[in-house]
>>> print(open('upload.txt').read())   # compact mmCIF, C-alpha atoms (C1' of nucleotides)
# COMPACT_ATOMS: atom_id res chain seq x y z
CA MET A 5 35.22 89.68 79.66
CA SER A 6 37.70 92.37 78.65
CA GLU A 7 40.95 93.04 80.41
CA SER A 8 39.71 96.30 81.85
CA ASP A 9 36.65 94.53 83.23
CA ALA A 10 38.96 92.27 85.19
CA LEU A 11 40.88 95.29 86.43
CA SER A 12 37.66 96.99 87.44
CA ARG A 13 36.69 93.91 89.43
CA ARG A 14 40.00 93.86 91.20
CA ARG A 15 39.70 97.52 92.09
CA LEU A 16 36.25 96.85 93.52
CA ARG A 17 37.46 93.91 95.59
CA THR A 18 40.38 95.95 96.87
CA TRP A 19 38.04 98.78 97.84
CA ILE A 20 35.81 96.39 99.76
CA ARG A 21 38.76 94.93 101.64
CA LEU A 22 40.14 98.37 102.38
CA LEU A 23 36.76 99.43 103.73
CA ARG A 24 36.64 96.36 105.96
CA LEU A 25 40.08 97.06 107.34
CA THR A 26 39.35 100.68 108.17
CA LYS A 27 36.00 99.76 109.68
CA GLY A 28 37.69 97.15 111.85
CA ALA A 29 40.30 99.63 113.02
CA GLU A 30 37.62 102.23 113.71
CA ASN A 31 35.65 99.75 115.78
CA HIS A 32 38.79 98.96 117.72
CA LEU A 33 39.54 102.64 118.40
CA ARG A 34 35.90 103.39 119.26
CA GLU A 35 36.05 100.65 121.85
CA TYR A 36 39.20 102.14 123.32
CA LEU A 37 37.71 105.63 123.58
CA ARG A 38 34.47 104.34 125.05
CA VAL A 39 35.92 101.96 127.66
CA ILE A 40 38.96 103.95 128.76
CA HIS A 41 37.75 107.52 128.27
CA GLY A 42 33.97 107.39 128.03
CA SER A 43 34.13 109.23 124.73
CA THR A 44 33.49 108.67 121.04
CA LEU A 45 35.27 108.72 117.70
CA PRO A 46 33.61 111.84 116.25
CA ARG A 47 34.40 113.84 119.37
CA PHE A 48 37.97 112.64 119.24
CA ASP A 49 38.28 113.52 115.56
CA VAL A 50 37.03 117.04 116.12
CA MET A 51 39.36 117.57 119.06
CA ALA A 52 42.28 116.18 117.06
CA ALA A 53 41.61 118.70 114.29
CA LEU A 54 41.42 121.55 116.78
CA HIS A 55 44.61 120.35 118.41
CA ARG A 56 46.48 120.20 115.11
CA HIS A 57 45.54 123.77 114.32
CA ARG A 58 46.31 125.36 117.69
CA ASP A 59 44.74 128.66 116.64
CA PRO A 60 40.96 129.01 116.52
CA MET A 61 39.57 127.74 113.24
CA LYS A 62 36.47 128.40 111.18
CA MET A 63 33.62 125.89 111.45
CA SER A 64 33.76 125.48 107.71
CA ALA A 65 37.48 124.67 107.83
CA LEU A 66 36.74 122.06 110.46
CA SER A 67 34.05 120.29 108.48
CA ARG A 68 36.14 120.48 105.31
CA GLU A 69 39.12 118.94 107.06
CA LEU A 70 37.06 116.11 108.53
CA LEU A 71 35.07 115.57 105.33
CA VAL A 72 31.76 115.88 107.16
CA SER A 73 28.76 118.15 106.62
CA ASN A 74 28.52 121.57 108.23
CA GLY A 75 25.53 120.45 110.24
CA ASN A 76 27.48 117.57 111.65
CA ALA A 77 30.37 119.78 112.73
CA THR A 78 27.90 122.08 114.46
CA ALA A 79 26.33 119.19 116.35
CA VAL A 80 29.56 117.65 117.60
CA VAL A 81 31.12 120.98 118.57
CA GLU A 82 27.93 121.88 120.38
CA ARG A 83 28.28 118.80 122.59
CA LEU A 84 31.96 119.45 123.20
CA GLU A 85 31.09 122.99 124.15
CA LYS A 86 28.44 121.81 126.59
CA ASP A 87 31.12 119.69 128.27
CA GLY A 88 33.52 122.62 128.40
CA LEU A 89 35.99 121.04 125.99
CA ALA A 90 35.64 123.58 123.17
CA ASP A 91 34.15 127.01 122.61
CA ARG A 92 32.91 129.15 119.76
CA ALA A 93 33.05 132.87 119.06
CA PRO A 94 31.95 135.00 116.11
CA GLY A 95 34.71 136.13 113.75
CA ASP A 96 36.20 139.59 114.16
CA GLU A 97 36.08 141.00 110.63
CA ASP A 98 33.54 138.73 108.98
CA ARG A 99 30.69 138.19 111.37
CA ARG A 100 29.25 135.31 109.40
CA VAL A 101 32.08 133.03 110.42
CA VAL A 102 32.31 131.19 113.70
CA MET A 103 35.71 130.48 115.19
CA VAL A 104 36.03 127.31 117.24
CA ARG A 105 38.88 126.27 119.52
CA MET A 106 39.65 123.91 122.34
CA THR A 107 39.53 125.06 125.92
CA ASP A 108 42.40 124.32 128.31
CA LYS A 109 40.32 121.53 129.74
CA GLY A 110 39.73 120.22 126.25
CA ARG A 111 43.42 120.18 125.49
CA GLU A 112 44.12 118.33 128.70
CA VAL A 113 41.43 115.73 128.06
CA PHE A 114 42.49 115.31 124.45
CA GLU A 115 46.15 114.79 125.20
CA ALA A 116 45.32 112.01 127.63
CA GLN A 117 43.14 110.32 125.01
CA ALA A 118 45.58 110.87 122.16
CA LYS A 119 48.43 109.10 123.90
CA GLY A 120 46.50 105.85 124.21
CA HIS A 121 44.94 106.35 120.79
CA GLU A 122 48.34 106.47 119.15
CA ALA A 123 49.37 103.36 121.06
CA GLU A 124 46.31 101.49 119.80
CA VAL A 125 46.97 102.55 116.22
CA ASN A 126 50.60 101.60 116.59
CA ALA A 127 49.66 98.13 117.79
CA TYR A 128 46.97 97.66 115.17
CA PHE A 129 49.39 98.47 112.36
CA GLU A 130 52.44 96.82 113.82
CA ALA A 131 52.80 94.87 110.58
CA LEU A 132 53.83 98.08 108.83
CA GLY A 133 57.53 98.85 109.00
CA PRO A 134 59.29 101.83 107.37
CA ASP A 135 59.30 100.25 103.91
CA GLU A 136 55.62 99.38 103.97
CA LEU A 137 54.79 102.86 105.23
CA ASN A 138 56.68 104.40 102.34
CA THR A 139 54.87 102.16 99.92
CA ILE A 140 51.49 103.13 101.33
CA ARG A 141 52.33 106.81 101.33
CA ASP A 142 53.18 106.65 97.64
CA LEU A 143 50.04 104.69 96.83
CA LEU A 144 47.80 107.07 98.75
CA LYS A 145 49.37 110.08 97.08
CA ARG A 146 48.84 108.55 93.68
CA ILE A 147 45.20 107.75 94.40
CA GLU A 148 44.53 111.18 95.86
CA GLY A 149 46.09 112.73 92.79
CA THR A 150 43.57 111.18 90.43
CA ALA A 151 40.57 110.61 92.71
CA ASN A 152 40.02 114.25 93.56
CA ASP A 153 39.42 114.95 89.89
CA GLN A 154 36.15 113.05 90.28
CA ASP A 155 34.78 115.36 92.97
CA GLY A 156 33.37 118.86 92.81
CA MET B 15 62.68 110.37 120.88
CA SER B 16 63.29 106.68 120.30
CA GLU B 17 63.22 105.00 116.94
CA SER B 18 59.98 103.20 117.72
CA ASP B 19 58.37 106.50 118.70
CA ALA B 20 59.09 107.77 115.21
CA LEU B 21 57.64 104.60 113.75
CA SER B 22 54.55 104.95 115.90
CA ARG B 23 54.10 108.51 114.64
CA ARG B 24 54.38 107.40 111.05
CA ARG B 25 51.83 104.65 111.59
CA LEU B 26 49.47 107.20 113.09
CA ARG B 27 49.90 109.60 110.18
CA THR B 28 49.36 106.80 107.72
CA TRP B 29 46.19 105.76 109.52
CA ILE B 30 44.86 109.31 109.38
CA ARG B 31 45.56 109.58 105.68
CA LEU B 32 44.02 106.19 105.02
CA LEU B 33 40.92 107.24 106.91
CA ARG B 34 40.67 110.42 104.87
CA LEU B 35 40.94 108.51 101.63
CA THR B 36 38.25 106.01 102.51
CA LYS B 37 35.99 108.77 103.80
CA GLY B 38 36.44 110.67 100.58
CA ALA B 39 35.61 107.61 98.51
CA GLU B 40 32.58 106.86 100.68
CA ASN B 41 31.31 110.40 100.24
CA HIS B 42 31.73 110.03 96.50
CA LEU B 43 29.83 106.74 96.43
CA ARG B 44 27.10 108.04 98.74
CA GLU B 45 26.57 110.92 96.35
CA TYR B 46 26.26 108.49 93.45
CA LEU B 47 23.69 106.33 95.24
CA ARG B 48 21.70 109.33 96.38
CA VAL B 49 21.60 111.27 93.11
CA ILE B 50 21.27 108.40 90.65
CA HIS B 51 19.34 105.85 92.71
CA GLY B 52 17.79 107.70 95.63
CA SER B 53 19.43 105.29 98.02
CA THR B 54 22.12 105.17 100.69
CA LEU B 55 25.40 103.48 101.48
CA PRO B 56 24.20 101.29 104.37
CA ARG B 57 21.31 99.98 102.31
CA PHE B 58 23.67 99.24 99.45
CA ASP B 59 26.12 97.47 101.76
CA VAL B 60 23.41 95.23 103.17
CA MET B 61 22.08 94.38 99.73
CA ALA B 62 25.60 93.67 98.49
CA ALA B 63 26.12 91.20 101.33
CA LEU B 64 22.80 89.50 100.60
CA HIS B 65 23.71 89.37 96.93
CA ARG B 66 27.09 87.81 97.57
CA HIS B 67 25.51 85.04 99.63
CA ARG B 68 22.63 84.15 97.33
CA ASP B 69 21.06 81.88 99.95
CA PRO B 70 19.19 83.38 102.90
CA MET B 71 21.57 84.32 105.68
CA LYS B 72 21.31 84.75 109.44
CA MET B 73 20.98 88.28 110.77
CA SER B 74 24.03 87.64 112.92
CA ALA B 75 26.06 86.57 109.89
CA LEU B 76 25.03 89.78 108.16
CA SER B 77 26.09 92.08 110.98
CA ARG B 78 29.34 90.15 111.46
CA GLU B 79 30.18 90.44 107.78
CA LEU B 80 29.49 94.18 107.70
CA LEU B 81 31.17 94.81 111.06
CA VAL B 82 28.13 96.58 112.42
CA SER B 83 26.02 95.98 115.53
CA ASN B 84 23.08 93.60 115.52
CA GLY B 85 20.71 96.46 116.22
CA ASN B 86 21.98 98.29 113.19
CA ALA B 87 21.47 95.32 110.90
CA THR B 88 17.92 94.96 112.20
CA ALA B 89 17.17 98.61 111.48
CA VAL B 90 18.51 98.67 107.93
CA VAL B 91 16.92 95.35 106.97
CA GLU B 92 13.64 96.57 108.40
CA ARG B 93 13.64 99.52 106.01
CA LEU B 94 14.62 97.36 103.06
CA GLU B 95 11.80 95.03 103.97
CA LYS B 96 9.33 97.88 104.10
CA ASP B 97 10.36 98.80 100.56
CA GLY B 98 9.97 95.22 99.39
CA LEU B 99 13.68 94.77 98.72
CA ALA B 100 14.37 92.12 101.37
CA ASP B 101 12.44 89.82 103.62
CA ARG B 102 12.93 87.91 106.84
CA ALA B 103 11.72 84.54 108.07
CA PRO B 104 12.36 82.56 111.27
CA GLY B 105 14.84 79.69 110.96
CA ASP B 106 13.56 76.17 110.38
CA GLU B 107 15.43 74.14 112.97
CA ASP B 108 16.56 76.83 115.37
CA ARG B 109 13.71 79.23 115.88
CA ARG B 110 15.90 81.87 117.51
CA VAL B 111 17.56 82.73 114.24
CA VAL B 112 16.12 85.00 111.57
CA MET B 113 16.98 84.33 107.95
CA VAL B 114 17.16 87.35 105.69
CA ARG B 115 17.30 87.39 101.90
CA MET B 116 16.72 89.70 98.98
CA THR B 117 13.48 89.66 97.09
CA ASP B 118 13.41 89.48 93.29
CA LYS B 119 12.72 93.19 93.24
CA GLY B 120 15.66 93.72 95.58
CA ARG B 121 17.98 91.78 93.32
CA GLU B 122 16.84 93.80 90.33
CA VAL B 123 17.30 97.13 92.10
CA PHE B 124 20.66 96.11 93.49
CA GLU B 125 22.08 94.95 90.19
CA ALA B 126 21.24 98.29 88.60
CA GLN B 127 22.97 100.14 91.46
CA ALA B 128 25.96 97.79 91.57
CA LYS B 129 26.86 98.34 87.96
CA GLY B 130 27.29 102.08 88.39
CA HIS B 131 28.81 101.59 91.81
CA GLU B 132 31.60 99.46 90.37
CA ALA B 133 32.15 102.04 87.64
CA GLU B 134 32.53 104.78 90.26
CA VAL B 135 34.99 102.72 92.28
CA ASN B 136 36.87 101.87 89.12
CA ALA B 137 37.21 105.54 88.23
CA TYR B 138 38.10 106.60 91.75
CA PHE B 139 40.93 104.07 91.92
CA GLU B 140 42.09 104.36 88.35
CA ALA B 141 45.60 105.08 89.64
CA LEU B 142 45.84 101.46 90.77
CA GLY B 143 47.10 99.08 88.11
CA PRO B 144 47.70 95.34 88.53
CA ASP B 145 51.02 95.83 90.32
CA GLU B 146 49.64 98.32 92.79
CA LEU B 147 46.66 96.09 93.46
CA ASN B 148 48.97 93.19 94.24
CA THR B 149 50.98 95.38 96.57
CA ILE B 150 47.87 96.51 98.41
CA ARG B 151 46.51 93.00 98.68
CA ASP B 152 49.72 91.84 100.33
CA LEU B 153 49.76 94.80 102.69
CA LEU B 154 46.15 94.33 103.71
CA LYS B 155 46.69 90.63 104.32
CA ARG B 156 49.67 91.35 106.49
CA ILE B 157 47.81 93.95 108.53
CA GLU B 158 44.78 91.73 108.93
CA GLY B 159 47.03 88.92 110.09
CA THR B 160 48.34 90.86 113.06
CA ALA B 161 45.51 93.32 113.72
CA ASN B 162 42.89 90.72 114.48
CA ASP B 163 44.98 89.53 117.40
CA GLN B 164 44.06 92.79 119.13
CA ASP B 165 40.33 92.17 119.08
CA GLY B 166 38.43 90.28 121.71
C1' DG C 24 22.65 153.12 97.53
C1' DT C 25 19.27 149.27 96.66
C1' DT C 26 18.58 144.97 95.05
C1' DT C 27 20.48 140.52 94.14
C1' DA C 28 23.40 137.05 94.80
C1' DA C 29 26.74 134.49 97.44
C1' DA C 30 28.83 132.70 101.67
C1' DA C 31 28.99 130.89 106.60
C1' DC C 32 26.43 128.84 109.90
C1' DT C 33 22.48 126.68 112.23
C1' DT C 34 18.26 124.14 112.39
C1' DC C 35 15.56 120.33 111.30
C1' DA C 36 13.74 115.82 109.89
C1' DA C 37 14.96 111.44 108.64
C1' DG C 38 17.95 107.89 108.59
C1' DC C 39 22.20 105.56 110.59
C1' DT C 40 24.75 103.56 114.55
C1' DT C 41 25.97 102.03 118.92
C1' DG C 42 25.62 99.59 123.33
C1' DA C 43 22.62 98.15 126.87
C1' DA C 44 18.40 96.01 128.21
C1' DA C 45 14.66 92.99 127.00
C1' DT C 46 12.69 88.77 124.78
C1' DA C 47 12.63 84.27 123.31
C1' DA C 48 14.50 79.82 122.15
C1' DA C 49 18.01 76.26 122.72
C1' DA C 50 21.71 73.98 125.32
C1' DT C 51 23.67 72.73 129.65
C1' DT C 52 23.56 71.64 134.60
C1' DT C 53 21.90 69.69 138.35
C1' DA D 23 12.67 67.31 133.81
C1' DA D 24 13.47 71.82 136.22
C1' DA D 25 16.60 75.49 136.69
C1' DT D 26 20.43 77.93 134.79
C1' DT D 27 23.12 79.67 131.24
C1' DT D 28 24.00 80.71 126.61
C1' DT D 29 22.72 82.24 122.01
C1' DA D 30 20.03 85.00 118.48
C1' DT D 31 17.58 88.72 117.78
C1' DT D 32 14.88 93.02 118.69
C1' DT D 33 13.95 97.21 121.15
C1' DC D 34 15.29 101.48 122.89
C1' DA D 35 17.61 105.88 124.06
C1' DA D 36 21.23 108.70 122.87
C1' DG D 37 24.34 110.26 119.82
C1' DC D 38 25.98 110.69 114.85
C1' DT D 39 25.24 112.12 109.98
C1' DT D 40 23.33 113.88 105.99
C1' DG D 41 21.05 117.14 102.91
C1' DA D 42 17.70 120.66 102.57
C1' DA D 43 15.77 124.79 104.25
C1' DG D 44 16.34 128.91 106.95
C1' DT D 45 19.11 132.98 109.04
C1' DT D 46 22.38 136.40 109.02
C1' DT D 47 26.10 138.83 107.06
C1' DT D 48 28.99 140.19 103.18
C1' DA D 49 29.89 140.99 98.27
C1' DA D 50 28.39 142.13 93.60
C1' DA D 51 25.41 144.22 90.19
C1' DC D 52 22.73 147.61 88.79
>>> encode(input="upload.txt", output="structure tokens")
Amino acid sequence: MSESDALSRRRLRTWIRLLRLTKGAENHLREYLRVIHGSTLPRFDVMAALHRHRDPMKMSALSRELLVSNGNATAVVERLEKDGLADRAPGDEDRRVVMVRMTDKGREVFEAQAKGHEAEVNAYFEALGPDELNTIRDLLKRIEGTANDQDG
Amino acid sequence: MSESDALSRRRLRTWIRLLRLTKGAENHLREYLRVIHGSTLPRFDVMAALHRHRDPMKMSALSRELLVSNGNATAVVERLEKDGLADRAPGDEDRRVVMVRMTDKGREVFEAQAKGHEAEVNAYFEALGPDELNTIRDLLKRIEGTANDQDG
DNA sequence: GTTTAAAACTTCAAGCTTGAAATAAAATTT
DNA sequence: AAATTTTATTTCAAGCTTGAAGTTTTAAAC
């Protein structure tokens, strides 16, 4: 077994552990949203993206930001719209595009959810102090730098 | 804004970035399984768990290991079974339990997929050398140590 | 200026996923 | 030993997700 085979194995094991951690955290946050707010993770993610952007954003920008398919973005936004939490309107110049934004009600609902959400994340990752956070930031940047070469 | 508020914010941002990274990697691996093997991530994950264990395992052990619901495990195994890649049998002593295992065909199919899968992971995380892998392992252990206290 | 190609979304079918309710077997109580 | 509770799994409805096919609008080529 060559040295790079051993390295490959370690990368695989690390990936599996990383996946487990994120899945565990997601389950934890899903539980929070369900029990306390009667909502779901995908709805929260979409609202968070809309909240970050303030201004109306294109459907395609939304799905790109969340790394989900266009069809998925359509489906989730459709449900939010039905609940009066978001709305869509055709673009002004280019009429192919659809601009989506949160409603006032949506913003209100989201802010209530986001507060507790941040608290849950904060508790879940309490082991990470400033130094660890710096370390992770650097690692993530380095991975992103090379990993995105694989795509497209 | 207190110091711990700033820390909370940083933890949240780190979580969001981590989530994006894992989602990106998952999308990459899903593409690989779909294009090269005509399969999916959940099927691969179930087969990987069965492969790790060698011996037949309880359905409940499977869903616990993958951090998915029992119903989900049932559904995915059912499809694998239909394709002749896995099979289920009632437990010997305790007849409530269902033991699941891979078939010979399943093992064969999985090993072909796993080889390329590891190569994709290896390429995706090429930025991580031995030192970085050690760092991540320590971080993950530390997070797991405290995070699991949150769960019920 | 028409035809062709490209881009932005939506629709759809199939599979994935959850959480609650149902089923069945084993363990515990009484 | 009968009744109750617990444990293991499946079933089910509703929502999530993808990728492919379809629609509509814009851009490019001719």
>>> closest_residue(input="upload.txt", among="B:Arg34, B:Glu79, B:Ala39, B:Ala87", to="DC39 (chain C)", atoms="all atoms listed in the file")
B:Ala87
>>> closest_residue(input="upload.txt", among="A:Glu115, A:Asp153, A:Asp108, A:Asp98", to="Ala52 (chain A)", atoms="only C-alpha atoms")
A:Glu115
>>> closest_residue(input="upload.txt", among="A:Ala65, A:Val102, A:Val50, A:Leu37", to="Ala116 (chain A)", atoms="only C-alpha atoms")
A:Leu37
>>> closest_atom_pairs(input="upload.txt", of="chain B", to="chain C", cutoff="12 Å", atoms="only C-alpha atoms (C1' of nucleotides)", output="Markdown table")
| residue | atom | partner | partner_atom | distance |
| --- | --- | --- | --- | --- |
| B:Ser53 | CA | C:DG38 | C1' | 11.0 |
| B:Thr54 | CA | C:DG38 | C1' | 9.3 |
| B:Leu55 | CA | C:DC39 | C1' | 9.9 |
| B:Pro56 | CA | C:DC39 | C1' | 7.8 |
| B:Arg57 | CA | C:DC39 | C1' | 10.0 |
| B:Leu81 | CA | C:DT40 | C1' | 11.4 |
| B:Val82 | CA | C:DT40 | C1' | 8.0 |
| B:Ser83 | CA | C:DT41 | C1' | 6.9 |
| B:Asn84 | CA | C:DT41 | C1' | 9.5 |
| B:Gly85 | CA | C:DT41 | C1' | 8.1 |
| B:Asn86 | CA | C:DT40 | C1' | 6.1 |
| B:Ala87 | CA | C:DT40 | C1' | 9.6 |
| B:Thr88 | CA | C:DT40 | C1' | 11.2 |
| B:Ala89 | CA | C:DC39 | C1' | 8.6 |
| B:Val90 | CA | C:DC39 | C1' | 8.3 |
| B:Arg93 | CA | C:DG38 | C1' | 9.8 |
| B:Pro104 | CA | C:DA48 | C1' | 11.4 |
| B:Gly105 | CA | C:DA48 | C1' | 11.2 |
| B:Glu107 | CA | C:DA49 | C1' | 10.3 |
| B:Asp108 | CA | C:DA49 | C1' | 7.5 |
| B:Arg109 | CA | C:DA48 | C1' | 6.3 |
| B:Arg110 | CA | C:DA48 | C1' | 5.3 |
| B:Val111 | CA | C:DA48 | C1' | 9.0 |
| B:Val112 | CA | C:DA48 | C1' | 11.9 |
>>> write_last_selection(input="upload.txt", atoms="C-alpha atoms", output="PDB file, in the frame of the given file")
ATOM      1  CA  SER B  53      19.430 105.290  98.020  1.00  0.00           C
ATOM      2  CA  THR B  54      22.120 105.170 100.690  1.00  0.00           C
ATOM      3  CA  LEU B  55      25.400 103.480 101.480  1.00  0.00           C
ATOM      4  CA  PRO B  56      24.200 101.290 104.370  1.00  0.00           C
ATOM      5  CA  ARG B  57      21.310  99.980 102.310  1.00  0.00           C
ATOM      6  CA  LEU B  81      31.170  94.810 111.060  1.00  0.00           C
ATOM      7  CA  VAL B  82      28.130  96.580 112.420  1.00  0.00           C
ATOM      8  CA  SER B  83      26.020  95.980 115.530  1.00  0.00           C
ATOM      9  CA  ASN B  84      23.080  93.600 115.520  1.00  0.00           C
ATOM     10  CA  GLY B  85      20.710  96.460 116.220  1.00  0.00           C
ATOM     11  CA  ASN B  86      21.980  98.290 113.190  1.00  0.00           C
ATOM     12  CA  ALA B  87      21.470  95.320 110.900  1.00  0.00           C
ATOM     13  CA  THR B  88      17.920  94.960 112.200  1.00  0.00           C
ATOM     14  CA  ALA B  89      17.170  98.610 111.480  1.00  0.00           C
ATOM     15  CA  VAL B  90      18.510  98.670 107.930  1.00  0.00           C
ATOM     16  CA  ARG B  93      13.640  99.520 106.010  1.00  0.00           C
ATOM     17  CA  PRO B 104      12.360  82.560 111.270  1.00  0.00           C
ATOM     18  CA  GLY B 105      14.840  79.690 110.960  1.00  0.00           C
ATOM     19  CA  GLU B 107      15.430  74.140 112.970  1.00  0.00           C
ATOM     20  CA  ASP B 108      16.560  76.830 115.370  1.00  0.00           C
ATOM     21  CA  ARG B 109      13.710  79.230 115.880  1.00  0.00           C
ATOM     22  CA  ARG B 110      15.900  81.870 117.510  1.00  0.00           C
ATOM     23  CA  VAL B 111      17.560  82.730 114.240  1.00  0.00           C
ATOM     24  CA  VAL B 112      16.120  85.000 111.570  1.00  0.00           C
TER      25      VAL B 112
END
>>> interface_residues(input="upload.txt", of="chain D", to="chain A", cutoff="10 Å", atoms="only C-alpha atoms (C1' of nucleotides)", output="ChimeraX atom specification")
/D:37-41,46-48
>>> closest_atom_pairs(input="upload.txt", of="chain A", to="chain B", cutoff="7 Å", atoms="all atoms listed in the file", output="tab-separated table")
residue	atom	partner	partner_atom	distance
A:Ser12	CA	B:Asn136	CA	5.2
A:Arg15	CA	B:Asn136	CA	6.0
A:Leu16	CA	B:Val135	CA	6.1
A:Leu23	CA	B:Thr36	CA	6.9
A:Thr26	CA	B:Leu33	CA	6.9
A:Gly28	CA	B:Leu81	CA	7.0
A:Leu71	CA	B:Gly38	CA	7.0
A:Glu122	CA	B:Leu26	CA	6.2
A:Val125	CA	B:Leu26	CA	6.1
A:Asn126	CA	B:Ser22	CA	5.2
A:Tyr128	CA	B:Ala161	CA	4.8
A:Phe129	CA	B:Ile157	CA	6.1
A:Ala131	CA	B:Ile157	CA	5.5
A:Arg146	CA	B:Ala141	CA	6.2
A:Ile147	CA	B:Ala141	CA	5.5
A:Thr150	CA	B:Ala141	CA	6.5
A:Ala151	CA	B:Tyr138	CA	4.8
A:Gln154	CA	B:Tyr138	CA	6.9
>>> atom_distance(input="upload.txt", atom1="CA of Met103 (chain A)", atom2="CA of Arg56 (chain A)")
14.9 Å
>>> atom_distance(input="upload.txt", atom1="CA of Lys129 (chain B)", atom2="CA of Tyr46 (chain B)")
11.6 Å
>>> build_atoms(input="upload.txt", residues="region 86-104 of chain B", atoms="N, CA and C atoms", output="PDB file, in the frame of the given file")
ATOM      1  N   ASN B  86      21.884  97.559 114.441  1.00  0.00           N
ATOM      2  CA  ASN B  86      21.980  98.290 113.190  1.00  0.00           C
ATOM      3  C   ASN B  86      21.482  97.452 112.016  1.00  0.00           C
ATOM      4  N   ALA B  87      21.912  96.204 111.976  1.00  0.00           N
ATOM      5  CA  ALA B  87      21.470  95.320 110.900  1.00  0.00           C
ATOM      6  C   ALA B  87      19.946  95.211 110.909  1.00  0.00           C
ATOM      7  N   THR B  88      19.382  95.036 112.086  1.00  0.00           N
ATOM      8  CA  THR B  88      17.920  94.960 112.200  1.00  0.00           C
ATOM      9  C   THR B  88      17.267  96.197 111.589  1.00  0.00           C
ATOM     10  N   ALA B  89      17.793  97.367 111.935  1.00  0.00           N
ATOM     11  CA  ALA B  89      17.170  98.610 111.480  1.00  0.00           C
ATOM     12  C   ALA B  89      17.223  98.755 109.962  1.00  0.00           C
ATOM     13  N   VAL B  90      18.380  98.488 109.371  1.00  0.00           N
ATOM     14  CA  VAL B  90      18.510  98.670 107.930  1.00  0.00           C
ATOM     15  C   VAL B  90      17.661  97.645 107.174  1.00  0.00           C
ATOM     16  N   VAL B  91      17.714  96.386 107.626  1.00  0.00           N
ATOM     17  CA  VAL B  91      16.920  95.350 106.970  1.00  0.00           C
ATOM     18  C   VAL B  91      15.428  95.667 107.069  1.00  0.00           C
ATOM     19  N   GLU B  92      15.035  96.214 108.211  1.00  0.00           N
ATOM     20  CA  GLU B  92      13.640  96.570 108.400  1.00  0.00           C
ATOM     21  C   GLU B  92      13.161  97.554 107.321  1.00  0.00           C
ATOM     22  N   ARG B  93      14.021  98.526 107.026  1.00  0.00           N
ATOM     23  CA  ARG B  93      13.640  99.520 106.010  1.00  0.00           C
ATOM     24  C   ARG B  93      13.638  98.901 104.618  1.00  0.00           C
ATOM     25  N   LEU B  94      14.609  98.052 104.355  1.00  0.00           N
ATOM     26  CA  LEU B  94      14.620  97.360 103.060  1.00  0.00           C
ATOM     27  C   LEU B  94      13.359  96.527 102.905  1.00  0.00           C
ATOM     28  N   GLU B  95      12.985  95.883 104.002  1.00  0.00           N
ATOM     29  CA  GLU B  95      11.800  95.030 103.970  1.00  0.00           C
ATOM     30  C   GLU B  95      10.541  95.857 103.679  1.00  0.00           C
ATOM     31  N   LYS B  96      10.480  97.014 104.306  1.00  0.00           N
ATOM     32  CA  LYS B  96       9.330  97.880 104.100  1.00  0.00           C
ATOM     33  C   LYS B  96       9.208  98.309 102.640  1.00  0.00           C
ATOM     34  N   ASP B  97      10.356  98.425 101.972  1.00  0.00           N
ATOM     35  CA  ASP B  97      10.360  98.800 100.560  1.00  0.00           C
ATOM     36  C   ASP B  97      10.265  97.594  99.631  1.00  0.00           C
ATOM     37  N   GLY B  98      10.115  96.412 100.218  1.00  0.00           N
ATOM     38  CA  GLY B  98       9.970  95.220  99.390  1.00  0.00           C
ATOM     39  C   GLY B  98      11.260  94.738  98.758  1.00  0.00           C
ATOM     40  N   LEU B  99      12.396  95.150  99.320  1.00  0.00           N
ATOM     41  CA  LEU B  99      13.680  94.770  98.720  1.00  0.00           C
ATOM     42  C   LEU B  99      14.317  93.569  99.419  1.00  0.00           C
ATOM     43  N   ALA B 100      13.842  93.259 100.618  1.00  0.00           N
ATOM     44  CA  ALA B 100      14.370  92.120 101.370  1.00  0.00           C
ATOM     45  C   ALA B 100      13.232  91.537 102.194  1.00  0.00           C
ATOM     46  N   ASP B 101      13.413  90.310 102.642  1.00  0.00           N
ATOM     47  CA  ASP B 101      12.440  89.820 103.620  1.00  0.00           C
ATOM     48  C   ASP B 101      13.081  88.864 104.620  1.00  0.00           C
ATOM     49  N   ARG B 102      12.401  88.706 105.739  1.00  0.00           N
ATOM     50  CA  ARG B 102      12.930  87.910 106.840  1.00  0.00           C
ATOM     51  C   ARG B 102      11.962  86.790 107.180  1.00  0.00           C
ATOM     52  N   ALA B 103      12.547  85.652 107.626  1.00  0.00           N
ATOM     53  CA  ALA B 103      11.720  84.540 108.070  1.00  0.00           C
ATOM     54  C   ALA B 103      12.458  83.806 109.188  1.00  0.00           C
ATOM     55  N   PRO B 104      11.725  83.305 110.166  1.00  0.00           N
ATOM     56  CA  PRO B 104      12.360  82.560 111.270  1.00  0.00           C
ATOM     57  C   PRO B 104      13.026  81.302 110.727  1.00  0.00           C
TER      58      PRO B 104
END
